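Here's the structure, in structure tokens; my notes come after.
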4 protein chains.
Amino acid sequence: MSDRPGPEATARLTRWEQRTEVPLFLAGLLFLTGYAVRVLAPHDAQPWHDISLTLVWSTWLLFLVDYVTRLRLSGLGYRFPRVHWLDTVVLLLPLLRPLRMVQVYQAVQRRRDRPRLNLYARVMTYAGMTVGLLGFAAALAVYNLEHRAPDASIRTFGDAVWWACATLTTVGYGDATPVTFWGRVVAAGLMACGLALLGAVTGSFSSWLIQVFAREDEKRSPERS
Amino acid sequence: MSDRPGPEATARLTRWEQRTEVPLFLAGLLFLTGYAVRVLAPHDAQPWHDISLTLVWSTWLLFLVDYVTRLRLSGLGYRFPRVHWLDTVVLLLPLLRPLRMVQVYQAVQRRRDRPRLNLYARVMTYAGMTVGLLGFAAALAVYNLEHRAPDASIRTFGDAVWWACATLTTVGYGDATPVTFWGRVVAAGLMACGLALLGAVTGSFSSWLIQVFAREDEKRSPERS
Amino acid sequence: MSDRPGPEATARLTRWEQRTEVPLFLAGLLFLTGYAVRVLAPHDAQPWHDISLTLVWSTWLLFLVDYVTRLRLSGLGYRFPRVHWLDTVVLLLPLLRPLRMVQVYQAVQRRRDRPRLNLYARVMTYAGMTVGLLGFAAALAVYNLEHRAPDASIRTFGDAVWWACATLTTVGYGDATPVTFWGRVVAAGLMACGLALLGAVTGSFSSWLIQVFAREDEKRSPERS
Amino acid sequence: MSDRPGPEATARLTRWEQRTEVPLFLAGLLFLTGYAVRVLAPHDAQPWHDISLTLVWSTWLLFLVDYVTRLRLSGLGYRFPRVHWLDTVVLLLPLLRPLRMVQVYQAVQRRRDRPRLNLYARVMTYAGMTVGLLGFAAALAVYNLEHRAPDASIRTFGDAVWWACATLTTVGYGDATPVTFWGRVVAAGLMACGLALLGAVTGSFSSWLIQVFAREDEKRSPERS
């Protein structure tokens with residue numbers, strides 16, 4: 001109970017989060033773009049290098065400002081990093097930012113009373129978008145870590161994207177695999193995402209089927225009795 | 001609300017779709033046959049080459065006529081491609097036509113009041129047929145794109161079918177994998193189908209189990225009370 | 001409706017099936033043993049060769065006698081192979097016999113009123129046994145088809161069992177894979193079994209969780225209201 | 001019915017199990033640490049070798065004392081190994097000890113009336129911890145069995161952990177696979193755990209979705225009627 005702030009602090013925090021949601025999402029896309037430019041541009045291409053550095057650091061500064069503001073608004077003090085541990089992880093590893101999408105989704109869900117998409121379509125859409133962005137971020141990180149390693153099988157960015165697809169769907173051909181320590185750490189994280197994606201797809205489909213069946217049963221039972 | 005046409009337009013469209021369903025399904029099979037002949041026949045075999053070209057283009061013309069007729073009947077005008085986006089994709093990439101099977105299935109379901117197969121068997125049958133046809137189309141496309149690439153591991157059509165099986169079931173041995181850009185794009189699409197197939201199989205089984213259990217509970221509860 | 005025989009024919013058939021269940025299951029195990037001896041014994045080992053031939057053919061004769069008796073008892077005539085298609089397939093490919101276990105399971109379920117295992121445990125047990133026996137049969141068949149092929153990666157029976165494990169769990173390392181046509185056909189069948197196994201495991205677990213949760217909800221709701 | 005002891009024996013056994021739960025869990029961690037030191041320390045490092053031997057044998061002695069005490073308290077006599085078969089397996093193969101976590105979890109669940117985590121989060125947490133510890137134990141065992149084999153692809157402990165990740169998530173790249181008999185036996189066990197993990201993740205997600213949907217339905221139905 002001591003982890004929960006008062007109702008005014010919660011209201012202020014919620015207002016702040018609702019206002020910063022869309023700008024932060026755009027900043028996240030900019031950060032990913034900056035990181036992509038930094039990784040993919042040739043290293044002697046001076047203008048691109050400067051642009052990417054500016055993008056990455058200025059968006060990260062935005063994330064930091066948001067984090068500190070939320071920490072002060074929440075009235076939690078030093079307990080904030082523990083209570084909002086996902087935000088803390090995402091601040092330190094901004095490539096994991098797509099994981100916050102689940103929170104954005106919940107906020108959107110709360111605001112609208114009548115969603116246009118039904119529940120299963122929404123789960124699929126959000127799972128798909130989160131996984132797509134995480135897969136792209138992982139492909140960038142793995143390409144950056146691997147492409148100059150001796151004996152690397154991931155040599156181009158295309159290889160990295162191909163590897164990310166095969167990993168996320170748990171197919172795992174093994175024709176392109178990370179060989180460095182940090183590349184394998186990133187890969188292990190992506191495998192866990194693949195498992196969760198499978199769970200989301202399977203679970204949505206299963207729930208949808210059960211609902212369809214329940215409706216058919218309802219439709220028929222009046223005729224029988 | 002503005003995307004929905006009036007009830008007469010919907011009725012006319014439904015009538016057209018019901019009448020063209022079976023001919024279009026057969027035309028889809030002919031298209032696949034024509035594409036298979038074009039890919040698998042040796043290139044100096046003149047008669048086969050002409051037959052396949054005729055089949056592919058004439059069936060595609062049929063698809064185009066159907067699409068334009070539906071566009072006019074619907075009364076949606078330029079919004080038709082966005083509302084019926086799956087039909088638009090399937091017109092441009094006719095190899096994805098098996099995906100329309102889900103719609104055919106829904107139409108069939110609506111017409112018959114007492115289906116002979118129960119729900120789970122139907123889901124399995126349709127998922128199986130869709131996936132089988134898509135896998136065959138993907139094997140043809142990948143064989144076409146890969147078999148002349150240097151360093152290709154998919155050299156015969158048998159290899160391509162074997163690769164499609166291992167991909168759709170997410171086994172992914174990796175002894176035969178696409179190496180060209182477009183081959184890998186097709187493969188990524190097939191992996192997504194494999195995930196969906198897993199979801200369909202798992203979801204059907206899970207729903208079936210829950211239903212069986214619910215019936216056992218019902219059967220026993222009178223004895224207990 | 002014309003596929004269904006009269007009630008007396010059904011009763012006679014059921015009585016026959018109940019009586020022959022256990023003997024046929026044991027005959028199936030003997031057939032598998034005979035096939036295993038034939039595949040694994042060295043070819044110049046005359047006594048083993050004769051024993052295995054006798055086992056395989058005599059058990060198959062038993063299967064044939066059972067099939068013909070059921071055909072006559074059923075009163076279906078030439079429609080029997082179509083109605084009981086699984087029995088027909090299993091007669092022609094006796095290595096698929098473990099698939100009949102599902103029917104044995106249903107018969108057992110009908111007879112006992114209070115099963116000792118609950119539903120999920122039974123599903124897991126039957127899925128596990130069916131898949132184990134099918135995997136063993138597939139390993140034997142693939143070893144037989146592959147071990148003398150040039151460029152084979154499955155050279156010992158241990159390799160074949162290892163390959164069957166990796167395939168059934170959809171892991172698919174790819175260090176041992178079939179390279180011949182018929183070996184790959186068997187493998188494709190085993191992959192489908194792996195998908196079904198995943199579905200059974202996932203589905204059982206999911207159903208069990210839903211039931212546990214429903215009970216917790218029931219337990220708490222009286223306290224709330 | 002004859003397998004069940006009287007109510008006093010059950011009460012004594014439960015009291016013993018509740019008291020020894022935490023010490024045994026810590027002893028299990030010490031055993032794993034000891035085994036890790038034995039496997040990973042260089043063989044001429046005398047002090048480490050002695051420490052690990054002491055740890056492994058003393059913790060195993062603790063497990064044996066616990067097993068014998070439970071056997072005597074239960075009043076089951078020679079039927080104890082069969083009734084508590086999981087405990088017997090875990091005594092003989094202490095690396096499988098994480099599997100007992102499920103029992104610890106059930107005991108914890110019984111004691112607390114209001115759990116802080118909800119059901120799905122708990123299932124995910126326990127599945128994750130069990131699988132993580134089993135994966136670590138399997139990586140140690142496989143490294144121990146494989147790293148001196150000729151033609152081994154698992155040569156460092158890092159390779160073994162990477163292999164365990166790829167196996168548990170059923171990705172299965174195949175760039176590092178066991179080649180010895182006992183290594184493959186351990187691997188087959190780990191694959192089965194991977195299947196169960198998939199089942200747990202998918203099942204939890206599916207159940208959670210069904211519950212969310214049921215609540216949305218409840219929330220809306222008053223508005224409709």
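Following the order of the structure tokens, chains are lettered A, B, ..., residues in each are numbered from 1, and ligands are numbered from 1.
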
Item to complete: Extract, using only C-alpha atoms, all DNA, RNA and protein residues at most 12 Å from A:Thr69, discarding same-chain residues fewer than 4 positions from it, and format them as a PyMOL selection string.
Response: chain A and resi 12-13+16-17+20+62-65+73-77+80

*asked:* When DSSP is applied to the backbone of this structure, which of stretch 1-206 of chain B are assigned helix (DSSP H, G or I)? Write them out as a PyMOL selection string.
replied: chain B and resi 7-40+46-74+77-83+85-92+94-111+119-146+157-168+181-206

Give the residues of chain B that lie within 10 Å of chain D; count only C-alpha atoms, and format the answer as a list of chain:residue names.
B:Thr170, B:Val171, B:Gly172, B:Tyr173, B:Gly174, B:Gly199, B:Thr202, B:Gly203, B:Ser206

Selection: 12 Å around C:Cys165, only C-alpha atoms, excl. self and same-chain fewer than 4 positions, as an MDAnalysis selection string: (chainID B and resid 171) or (chainID C and resid 131:136 138:139 158:161 169:174 176:177 187 190:191 193:194) or (chainID D and resid 167 170 172 184:192 195)

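Neighbours of D:Thr88 closer than or equal to 12 Å, with only C-alpha atoms counted and sequence neighbours fewer than 6 positions away skipped, come out as Phe63, Leu64, Asp66, Tyr67, Val68, Arg70, Leu71, Arg79, Phe80, Pro81, Arg82, Pro94, Leu96, Arg97 and Arg100 of chain D.
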
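Going from atom CA of C:Leu24 over to atom CA of C:Arg38, you cover 20.7 Å.
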
- Shell around B:Ala149 at 8 Å using only C-alpha atoms, local window under 3 positions removed, as a PyMOL selection string: chain B and resi 145-146+152+179-180

Could you name the residues that touch B:Phe157 at 10 Å or less, counting only C-alpha atoms, but leaving out those on the same chain fewer than 2 positions away, as a ChimeraX atom specification? /B:39-40,139-140,142-144,147,154-155,159-163

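Distance-wise, atom CA of A:Leu55 and atom CA of A:Ala164 end up 24.8 Å apart.
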
- Message: Show me, as a ChimeraX atom specification, the residues that have an atom within 6 Å of C:Phe31 when counting only C-alpha atoms, minus same-chain residues fewer than 3 positions from it.
- Response: /C:28,34,56,59
